[in-house]
Amino acid sequence: MKRKICVITTSRADYGCMKFLLDEIKNDPLLDLQLVVTGSHLLKEFGYTYKVIEKDGFKISEKIKMLIGGDDGLSILNSMSRGFELFGKTISHLRPDLVVVFGDRFELLPAAVTGLILRVPLARLPADAGGFRAVAAAGPFRGAAGRRNCGDAHGWQVAPDSSIPARRLDAGRQGHLRPQLSQHRG
């Protein structure tokens with residue numbers, strides 16, 4: 001039986017960093033890629049970048065239109081509220097074995113918490129490692145879906161570079177994970 005890997009992309013920036021991972025999952029006969037597109041990918045002012053993803057040959061499993069105009073606090077809260085509802089429906093429908101996110105933008109927090117509640121493991125590729133830097137309103141959300149805030153969540157903190165040890169966050173015990181894909185430098 002194929003393992004269903006749900007990868008969530010919010011912007012052109014994270015898509016570019018995750019493209020190699022998407023290719024690897026798509027081409028692995030033991031894995032089934034479930035690609036969920038949200039955030040600025042679906043906005044006209046950013047050029048509907050989801051079309052680039054489709055042009056690259058990836059099938060989009062779900063488009064989650066969660067952003068409600070504005071970047072003030074209330075608009076972000078309203079967008080996140082919508083995100084909780086839509087990610088709940090999407091993750092319940094797709095039933096993935098793992099959810100993968102890159103970075104720490106606010107659009108990802110509803111996905112991470114939804115996965116926690118529905119007991120789907122989460123792998124977070126950090127935007128602040130390996131030369132990547134988070135942008136926009138990411139700073140306040142960094143670590144919000146981590147062990148200390150999500151109780152007994154079983155999740156993975158995955159390093160994009162083999163020189164940075166990855167940490168498994170599992171009920172307070174730390175081990176190491178070396179994903180095959182961590183060797184790639186794109």
# chains A, B, ... in the order shown; residues from 1 in each chain; ligands from 1

call {"tool": "closest_atom_pairs", "arguments": {"of": "segment 35-72 of chain A", "to": "segment 2-17 of chain A", "cutoff": "8 Å", "atoms": "only C-alpha atoms", "output": "tab-separated table"}}
result
residue	atom	partner	partner_atom	distance
A:Leu35	CA	A:Val7	CA	5.1
A:Val36	CA	A:Ile8	CA	4.7
A:Val37	CA	A:Thr9	CA	5.2
A:Thr38	CA	A:Thr10	CA	4.9
A:Gly39	CA	A:Thr10	CA	4.5
A:Ser40	CA	A:Ser11	CA	5.3
A:His41	CA	A:Ser11	CA	5.3
A:Thr49	CA	A:Arg12	CA	6.5

call {"tool": "closest_residue", "arguments": {"among": "A:Tyr48, A:Phe102, A:Phe58, A:Phe87", "to": "Asn27 of chain A", "atoms": "only C-alpha atoms"}}
result
A:Phe58

call {"tool": "residues_around", "arguments": {"residues": "Gly83 of chain A", "least_positions_apart": "6", "cutoff": "10 Å", "atoms": "only C-alpha atoms", "output": "compact mmCIF listing (two decimals) with C-alpha atoms, in the first residue's frame"}}
result
# COMPACT_ATOMS: atom_id res chain seq x y z
CA THR A 38 -2.84 27.80 -0.57
CA GLY A 39 -1.75 31.33 0.26
CA ILE A 64 -7.38 26.13 -0.19
CA LYS A 65 -8.51 29.75 -0.61
CA MET A 66 -8.09 30.91 2.96
CA LEU A 67 -6.66 34.42 2.63
CA LEU A 77 -6.97 35.95 12.33
CA LYS A 89 -12.11 19.33 5.53
CA PHE A 106 0.87 31.89 9.43
CA GLU A 107 -0.97 30.01 6.64
CA LEU A 108 0.66 26.78 7.85
CA LEU A 109 -0.38 26.98 11.51
CA PRO A 110 -3.99 25.89 10.82
CA ALA A 111 -2.66 22.94 8.80
CA THR A 114 -5.49 20.36 12.18

call {"tool": "closest_residue", "arguments": {"among": "A:Pro126, A:Gly57, A:Gly70, A:Gly115", "to": "Leu22 of chain A", "atoms": "only C-alpha atoms"}}
result
A:Gly57

call {"tool": "closest_residue", "arguments": {"among": "A:Lys19, A:Ser75, A:Val101, A:His93", "to": "Val52 of chain A", "atoms": "only C-alpha atoms"}}
result
A:Lys19

call {"tool": "atom_distance", "arguments": {"atom1": "atom CA of Leu33 of chain A", "atom2": "atom CA of Lys55 of chain A"}}
result
16.3 Å

call {"tool": "select_by_dssp", "arguments": {"residues": "segment 46-132 of chain A", "states": "strand (DSSP E)", "output": "list in words"}}
result
Ile60, Ser61, Glu62, Lys63, Ile64, Leu98, Val99, Val100, Val101, Phe102, Leu122, Ala123, Arg124 and Leu125 of chain A

call {"tool": "write_last_selection", "arguments": {"atoms": "N, CA and C atoms", "output": "PDB file, in the first residue's frame"}}
result
ATOM      1  N   ILE A  60      -2.421  19.040  -8.533  1.00  0.00           N
ATOM      2  CA  ILE A  60      -2.818  19.682  -7.290  1.00  0.00           C
ATOM      3  C   ILE A  60      -4.037  18.950  -6.743  1.00  0.00           C
ATOM      4  N   SER A  61      -3.899  18.417  -5.538  1.00  0.00           N
ATOM      5  CA  SER A  61      -4.994  17.667  -4.913  1.00  0.00           C
ATOM      6  C   SER A  61      -6.086  18.593  -4.393  1.00  0.00           C
ATOM      7  N   GLU A  62      -5.686  19.712  -3.806  1.00  0.00           N
ATOM      8  CA  GLU A  62      -6.650  20.683  -3.254  1.00  0.00           C
ATOM      9  C   GLU A  62      -6.075  22.085  -3.339  1.00  0.00           C
ATOM     10  N   LYS A  63      -6.946  23.049  -3.593  1.00  0.00           N
ATOM     11  CA  LYS A  63      -6.608  24.476  -3.507  1.00  0.00           C
ATOM     12  C   LYS A  63      -7.403  25.023  -2.337  1.00  0.00           C
ATOM     13  N   ILE A  64      -6.713  25.588  -1.370  1.00  0.00           N
ATOM     14  CA  ILE A  64      -7.384  26.132  -0.189  1.00  0.00           C
ATOM     15  C   ILE A  64      -7.294  27.653  -0.227  1.00  0.00           C
ATOM     16  N   LEU A  98       1.223  11.475   6.304  1.00  0.00           N
ATOM     17  CA  LEU A  98       2.155  12.494   6.770  1.00  0.00           C
ATOM     18  C   LEU A  98       1.815  13.812   6.085  1.00  0.00           C
ATOM     19  N   VAL A  99       1.897  14.907   6.843  1.00  0.00           N
ATOM     20  CA  VAL A  99       1.753  16.253   6.284  1.00  0.00           C
ATOM     21  C   VAL A  99       3.127  16.912   6.339  1.00  0.00           C
ATOM     22  N   VAL A 100       3.552  17.510   5.218  1.00  0.00           N
ATOM     23  CA  VAL A 100       4.848  18.177   5.131  1.00  0.00           C
ATOM     24  C   VAL A 100       4.618  19.653   4.863  1.00  0.00           C
ATOM     25  N   VAL A 101       5.262  20.511   5.676  1.00  0.00           N
ATOM     26  CA  VAL A 101       5.202  21.958   5.482  1.00  0.00           C
ATOM     27  C   VAL A 101       6.624  22.510   5.474  1.00  0.00           C
ATOM     28  N   PHE A 102       6.797  23.647   4.844  1.00  0.00           N
ATOM     29  CA  PHE A 102       8.091  24.312   4.771  1.00  0.00           C
ATOM     30  C   PHE A 102       7.955  25.691   5.398  1.00  0.00           C
ATOM     31  N   LEU A 122       3.339  15.328  11.389  1.00  0.00           N
ATOM     32  CA  LEU A 122       3.744  16.539  10.674  1.00  0.00           C
ATOM     33  C   LEU A 122       5.258  16.550  10.526  1.00  0.00           C
ATOM     34  N   ALA A 123       5.741  16.839   9.319  1.00  0.00           N
ATOM     35  CA  ALA A 123       7.167  17.076   9.080  1.00  0.00           C
ATOM     36  C   ALA A 123       7.302  18.527   8.667  1.00  0.00           C
ATOM     37  N   ARG A 124       8.103  19.273   9.424  1.00  0.00           N
ATOM     38  CA  ARG A 124       8.299  20.695   9.133  1.00  0.00           C
ATOM     39  C   ARG A 124       9.724  20.912   8.670  1.00  0.00           C
ATOM     40  N   LEU A 125       9.865  21.400   7.446  1.00  0.00           N
ATOM     41  CA  LEU A 125      11.173  21.775   6.922  1.00  0.00           C
ATOM     42  C   LEU A 125      11.400  23.223   7.326  1.00  0.00           C
TER      43      LEU A 125
END

call {"tool": "closest_residue", "arguments": {"among": "A:Leu43, A:Met1, A:Ile25, A:Ile91", "to": "Arg119 of chain A", "atoms": "only C-alpha atoms"}}
result
A:Ile91

call {"tool": "decode", "arguments": {"residues": "segment 34-83 of chain A", "atoms": "N, CA and C atoms", "output": "PDB file, in the first residue's frame"}}
result
ATOM      1  N   GLN A  34       0.187  14.071  -2.377  1.00  0.00           N
ATOM      2  CA  GLN A  34      -1.038  14.857  -2.277  1.00  0.00           C
ATOM      3  C   GLN A  34      -0.589  16.303  -2.097  1.00  0.00           C
ATOM      4  N   LEU A  35      -0.704  17.098  -3.128  1.00  0.00           N
ATOM      5  CA  LEU A  35      -0.214  18.472  -3.096  1.00  0.00           C
ATOM      6  C   LEU A  35      -1.359  19.435  -2.804  1.00  0.00           C
ATOM      7  N   VAL A  36      -1.210  20.188  -1.726  1.00  0.00           N
ATOM      8  CA  VAL A  36      -2.212  21.178  -1.329  1.00  0.00           C
ATOM      9  C   VAL A  36      -1.594  22.563  -1.514  1.00  0.00           C
ATOM     10  N   VAL A  37      -2.296  23.407  -2.250  1.00  0.00           N
ATOM     11  CA  VAL A  37      -1.826  24.742  -2.591  1.00  0.00           C
ATOM     12  C   VAL A  37      -2.715  25.765  -1.905  1.00  0.00           C
ATOM     13  N   THR A  38      -2.095  26.764  -1.282  1.00  0.00           N
ATOM     14  CA  THR A  38      -2.841  27.798  -0.572  1.00  0.00           C
ATOM     15  C   THR A  38      -2.072  29.111  -0.641  1.00  0.00           C
ATOM     16  N   GLY A  39      -2.478  30.072   0.145  1.00  0.00           N
ATOM     17  CA  GLY A  39      -1.746  31.334   0.264  1.00  0.00           C
ATOM     18  C   GLY A  39      -1.686  32.134  -1.015  1.00  0.00           C
ATOM     19  N   SER A  40      -0.518  32.755  -1.244  1.00  0.00           N
ATOM     20  CA  SER A  40      -0.367  33.666  -2.378  1.00  0.00           C
ATOM     21  C   SER A  40      -0.390  32.957  -3.727  1.00  0.00           C
ATOM     22  N   HIS A  41      -0.228  31.636  -3.755  1.00  0.00           N
ATOM     23  CA  HIS A  41      -0.348  30.896  -5.019  1.00  0.00           C
ATOM     24  C   HIS A  41      -1.692  31.163  -5.693  1.00  0.00           C
ATOM     25  N   LEU A  42      -2.710  31.451  -4.904  1.00  0.00           N
ATOM     26  CA  LEU A  42      -4.069  31.563  -5.438  1.00  0.00           C
ATOM     27  C   LEU A  42      -4.530  33.012  -5.613  1.00  0.00           C
ATOM     28  N   LEU A  43      -3.589  33.953  -5.484  1.00  0.00           N
ATOM     29  CA  LEU A  43      -3.945  35.373  -5.584  1.00  0.00           C
ATOM     30  C   LEU A  43      -3.515  35.971  -6.923  1.00  0.00           C
ATOM     31  N   LYS A  44      -4.424  36.742  -7.510  1.00  0.00           N
ATOM     32  CA  LYS A  44      -4.153  37.389  -8.793  1.00  0.00           C
ATOM     33  C   LYS A  44      -2.941  38.313  -8.709  1.00  0.00           C
ATOM     34  N   GLU A  45      -2.818  39.070  -7.605  1.00  0.00           N
ATOM     35  CA  GLU A  45      -1.713  40.030  -7.488  1.00  0.00           C
ATOM     36  C   GLU A  45      -0.336  39.368  -7.435  1.00  0.00           C
ATOM     37  N   PHE A  46      -0.296  38.057  -7.201  1.00  0.00           N
ATOM     38  CA  PHE A  46       0.975  37.318  -7.222  1.00  0.00           C
ATOM     39  C   PHE A  46       1.080  36.435  -8.460  1.00  0.00           C
ATOM     40  N   GLY A  47       0.168  36.638  -9.400  1.00  0.00           N
ATOM     41  CA  GLY A  47       0.259  35.965 -10.693  1.00  0.00           C
ATOM     42  C   GLY A  47      -0.270  34.544 -10.746  1.00  0.00           C
ATOM     43  N   TYR A  48      -1.155  34.193  -9.803  1.00  0.00           N
ATOM     44  CA  TYR A  48      -1.704  32.824  -9.792  1.00  0.00           C
ATOM     45  C   TYR A  48      -0.591  31.795 -10.003  1.00  0.00           C
ATOM     46  N   THR A  49       0.375  31.772  -9.091  1.00  0.00           N
ATOM     47  CA  THR A  49       1.547  30.911  -9.258  1.00  0.00           C
ATOM     48  C   THR A  49       1.237  29.417  -9.169  1.00  0.00           C
ATOM     49  N   TYR A  50       0.016  29.050  -8.795  1.00  0.00           N
ATOM     50  CA  TYR A  50      -0.346  27.634  -8.827  1.00  0.00           C
ATOM     51  C   TYR A  50      -0.234  27.093 -10.256  1.00  0.00           C
ATOM     52  N   LYS A  51      -0.367  27.984 -11.248  1.00  0.00           N
ATOM     53  CA  LYS A  51      -0.262  27.561 -12.647  1.00  0.00           C
ATOM     54  C   LYS A  51       1.150  27.081 -12.977  1.00  0.00           C
ATOM     55  N   VAL A  52       2.154  27.650 -12.326  1.00  0.00           N
ATOM     56  CA  VAL A  52       3.539  27.208 -12.505  1.00  0.00           C
ATOM     57  C   VAL A  52       3.684  25.770 -12.003  1.00  0.00           C
ATOM     58  N   ILE A  53       3.050  25.488 -10.874  1.00  0.00           N
ATOM     59  CA  ILE A  53       3.092  24.149 -10.289  1.00  0.00           C
ATOM     60  C   ILE A  53       2.482  23.137 -11.261  1.00  0.00           C
ATOM     61  N   GLU A  54       1.341  23.489 -11.818  1.00  0.00           N
ATOM     62  CA  GLU A  54       0.688  22.601 -12.789  1.00  0.00           C
ATOM     63  C   GLU A  54       1.549  22.440 -14.041  1.00  0.00           C
ATOM     64  N   LYS A  55       2.152  23.538 -14.494  1.00  0.00           N
ATOM     65  CA  LYS A  55       3.008  23.491 -15.677  1.00  0.00           C
ATOM     66  C   LYS A  55       4.225  22.600 -15.436  1.00  0.00           C
ATOM     67  N   ASP A  56       4.696  22.552 -14.194  1.00  0.00           N
ATOM     68  CA  ASP A  56       5.826  21.690 -13.829  1.00  0.00           C
ATOM     69  C   ASP A  56       5.432  20.215 -13.759  1.00  0.00           C
ATOM     70  N   GLY A  57       4.160  19.921 -13.998  1.00  0.00           N
ATOM     71  CA  GLY A  57       3.718  18.536 -14.065  1.00  0.00           C
ATOM     72  C   GLY A  57       3.174  17.950 -12.775  1.00  0.00           C
ATOM     73  N   PHE A  58       2.885  18.802 -11.801  1.00  0.00           N
ATOM     74  CA  PHE A  58       2.338  18.309 -10.538  1.00  0.00           C
ATOM     75  C   PHE A  58       0.819  18.440 -10.534  1.00  0.00           C
ATOM     76  N   LYS A  59       0.167  17.393 -10.060  1.00  0.00           N
ATOM     77  CA  LYS A  59      -1.286  17.410  -9.912  1.00  0.00           C
ATOM     78  C   LYS A  59      -1.594  18.029  -8.540  1.00  0.00           C
ATOM     79  N   ILE A  60      -2.421  19.040  -8.533  1.00  0.00           N
ATOM     80  CA  ILE A  60      -2.818  19.682  -7.290  1.00  0.00           C
ATOM     81  C   ILE A  60      -4.037  18.950  -6.743  1.00  0.00           C
ATOM     82  N   SER A  61      -3.899  18.417  -5.538  1.00  0.00           N
ATOM     83  CA  SER A  61      -4.994  17.667  -4.913  1.00  0.00           C
ATOM     84  C   SER A  61      -6.086  18.593  -4.393  1.00  0.00           C
ATOM     85  N   GLU A  62      -5.686  19.712  -3.806  1.00  0.00           N
ATOM     86  CA  GLU A  62      -6.650  20.683  -3.254  1.00  0.00           C
ATOM     87  C   GLU A  62      -6.075  22.085  -3.339  1.00  0.00           C
ATOM     88  N   LYS A  63      -6.946  23.049  -3.593  1.00  0.00           N
ATOM     89  CA  LYS A  63      -6.608  24.476  -3.507  1.00  0.00           C
ATOM     90  C   LYS A  63      -7.403  25.023  -2.337  1.00  0.00           C
ATOM     91  N   ILE A  64      -6.713  25.588  -1.370  1.00  0.00           N
ATOM     92  CA  ILE A  64      -7.384  26.132  -0.189  1.00  0.00           C
ATOM     93  C   ILE A  64      -7.294  27.653  -0.227  1.00  0.00           C
ATOM     94  N   LYS A  65      -8.430  28.279  -0.533  1.00  0.00           N
ATOM     95  CA  LYS A  65      -8.512  29.745  -0.606  1.00  0.00           C
ATOM     96  C   LYS A  65      -8.879  30.272   0.775  1.00  0.00           C
ATOM     97  N   MET A  66      -7.849  30.515   1.576  1.00  0.00           N
ATOM     98  CA  MET A  66      -8.087  30.907   2.959  1.00  0.00           C
ATOM     99  C   MET A  66      -7.801  32.378   3.224  1.00  0.00           C
ATOM    100  N   LEU A  67      -7.065  33.046   2.356  1.00  0.00           N
ATOM    101  CA  LEU A  67      -6.660  34.423   2.632  1.00  0.00           C
ATOM    102  C   LEU A  67      -7.816  35.396   2.430  1.00  0.00           C
ATOM    103  N   ILE A  68      -8.011  36.196   3.465  1.00  0.00           N
ATOM    104  CA  ILE A  68      -9.016  37.255   3.430  1.00  0.00           C
ATOM    105  C   ILE A  68      -8.231  38.558   3.429  1.00  0.00           C
ATOM    106  N   GLY A  69      -8.514  39.445   2.492  1.00  0.00           N
ATOM    107  CA  GLY A  69      -7.744  40.666   2.279  1.00  0.00           C
ATOM    108  C   GLY A  69      -7.167  41.339   3.512  1.00  0.00           C
ATOM    109  N   GLY A  70      -5.979  41.893   3.361  1.00  0.00           N
ATOM    110  CA  GLY A  70      -5.327  42.658   4.411  1.00  0.00           C
ATOM    111  C   GLY A  70      -4.262  41.865   5.149  1.00  0.00           C
ATOM    112  N   ASP A  71      -3.295  42.607   5.710  1.00  0.00           N
ATOM    113  CA  ASP A  71      -2.248  41.956   6.479  1.00  0.00           C
ATOM    114  C   ASP A  71      -2.205  42.462   7.920  1.00  0.00           C
ATOM    115  N   ASP A  72      -3.293  43.073   8.346  1.00  0.00           N
ATOM    116  CA  ASP A  72      -3.405  43.503   9.739  1.00  0.00           C
ATOM    117  C   ASP A  72      -3.791  42.294  10.595  1.00  0.00           C
ATOM    118  N   GLY A  73      -3.698  42.446  11.890  1.00  0.00           N
ATOM    119  CA  GLY A  73      -3.959  41.346  12.812  1.00  0.00           C
ATOM    120  C   GLY A  73      -5.313  40.683  12.636  1.00  0.00           C
ATOM    121  N   LEU A  74      -6.361  41.476  12.524  1.00  0.00           N
ATOM    122  CA  LEU A  74      -7.701  40.903  12.396  1.00  0.00           C
ATOM    123  C   LEU A  74      -7.859  40.134  11.083  1.00  0.00           C
ATOM    124  N   SER A  75      -7.296  40.659   9.996  1.00  0.00           N
ATOM    125  CA  SER A  75      -7.366  39.954   8.710  1.00  0.00           C
ATOM    126  C   SER A  75      -6.629  38.619   8.779  1.00  0.00           C
ATOM    127  N   ILE A  76      -5.475  38.606   9.440  1.00  0.00           N
ATOM    128  CA  ILE A  76      -4.718  37.360   9.594  1.00  0.00           C
ATOM    129  C   ILE A  76      -5.518  36.367  10.426  1.00  0.00           C
ATOM    130  N   LEU A  77      -6.134  36.829  11.510  1.00  0.00           N
ATOM    131  CA  LEU A  77      -6.967  35.947  12.335  1.00  0.00           C
ATOM    132  C   LEU A  77      -8.139  35.379  11.540  1.00  0.00           C
ATOM    133  N   ASN A  78      -8.779  36.219  10.748  1.00  0.00           N
ATOM    134  CA  ASN A  78      -9.899  35.745   9.921  1.00  0.00           C
ATOM    135  C   ASN A  78      -9.420  34.716   8.890  1.00  0.00           C
ATOM    136  N   SER A  79      -8.254  34.968   8.297  1.00  0.00           N
ATOM    137  CA  SER A  79      -7.697  34.011   7.328  1.00  0.00           C
ATOM    138  C   SER A  79      -7.363  32.688   8.005  1.00  0.00           C
ATOM    139  N   MET A  80      -6.782  32.751   9.195  1.00  0.00           N
ATOM    140  CA  MET A  80      -6.437  31.532   9.917  1.00  0.00           C
ATOM    141  C   MET A  80      -7.694  30.755  10.314  1.00  0.00           C
ATOM    142  N   SER A  81      -8.723  31.477  10.719  1.00  0.00           N
ATOM    143  CA  SER A  81      -9.980  30.825  11.079  1.00  0.00           C
ATOM    144  C   SER A  81     -10.541  30.061   9.885  1.00  0.00           C
ATOM    145  N   ARG A  82     -10.530  30.712   8.745  1.00  0.00           N
ATOM    146  CA  ARG A  82     -10.982  30.049   7.511  1.00  0.00           C
ATOM    147  C   ARG A  82     -10.078  28.862   7.193  1.00  0.00           C
ATOM    148  N   GLY A  83      -8.769  29.027   7.439  1.00  0.00           N
ATOM    149  CA  GLY A  83      -7.812  27.954   7.197  1.00  0.00           C
ATOM    150  C   GLY A  83      -8.098  26.725   8.046  1.00  0.00           C
TER     151      GLY A  83
END
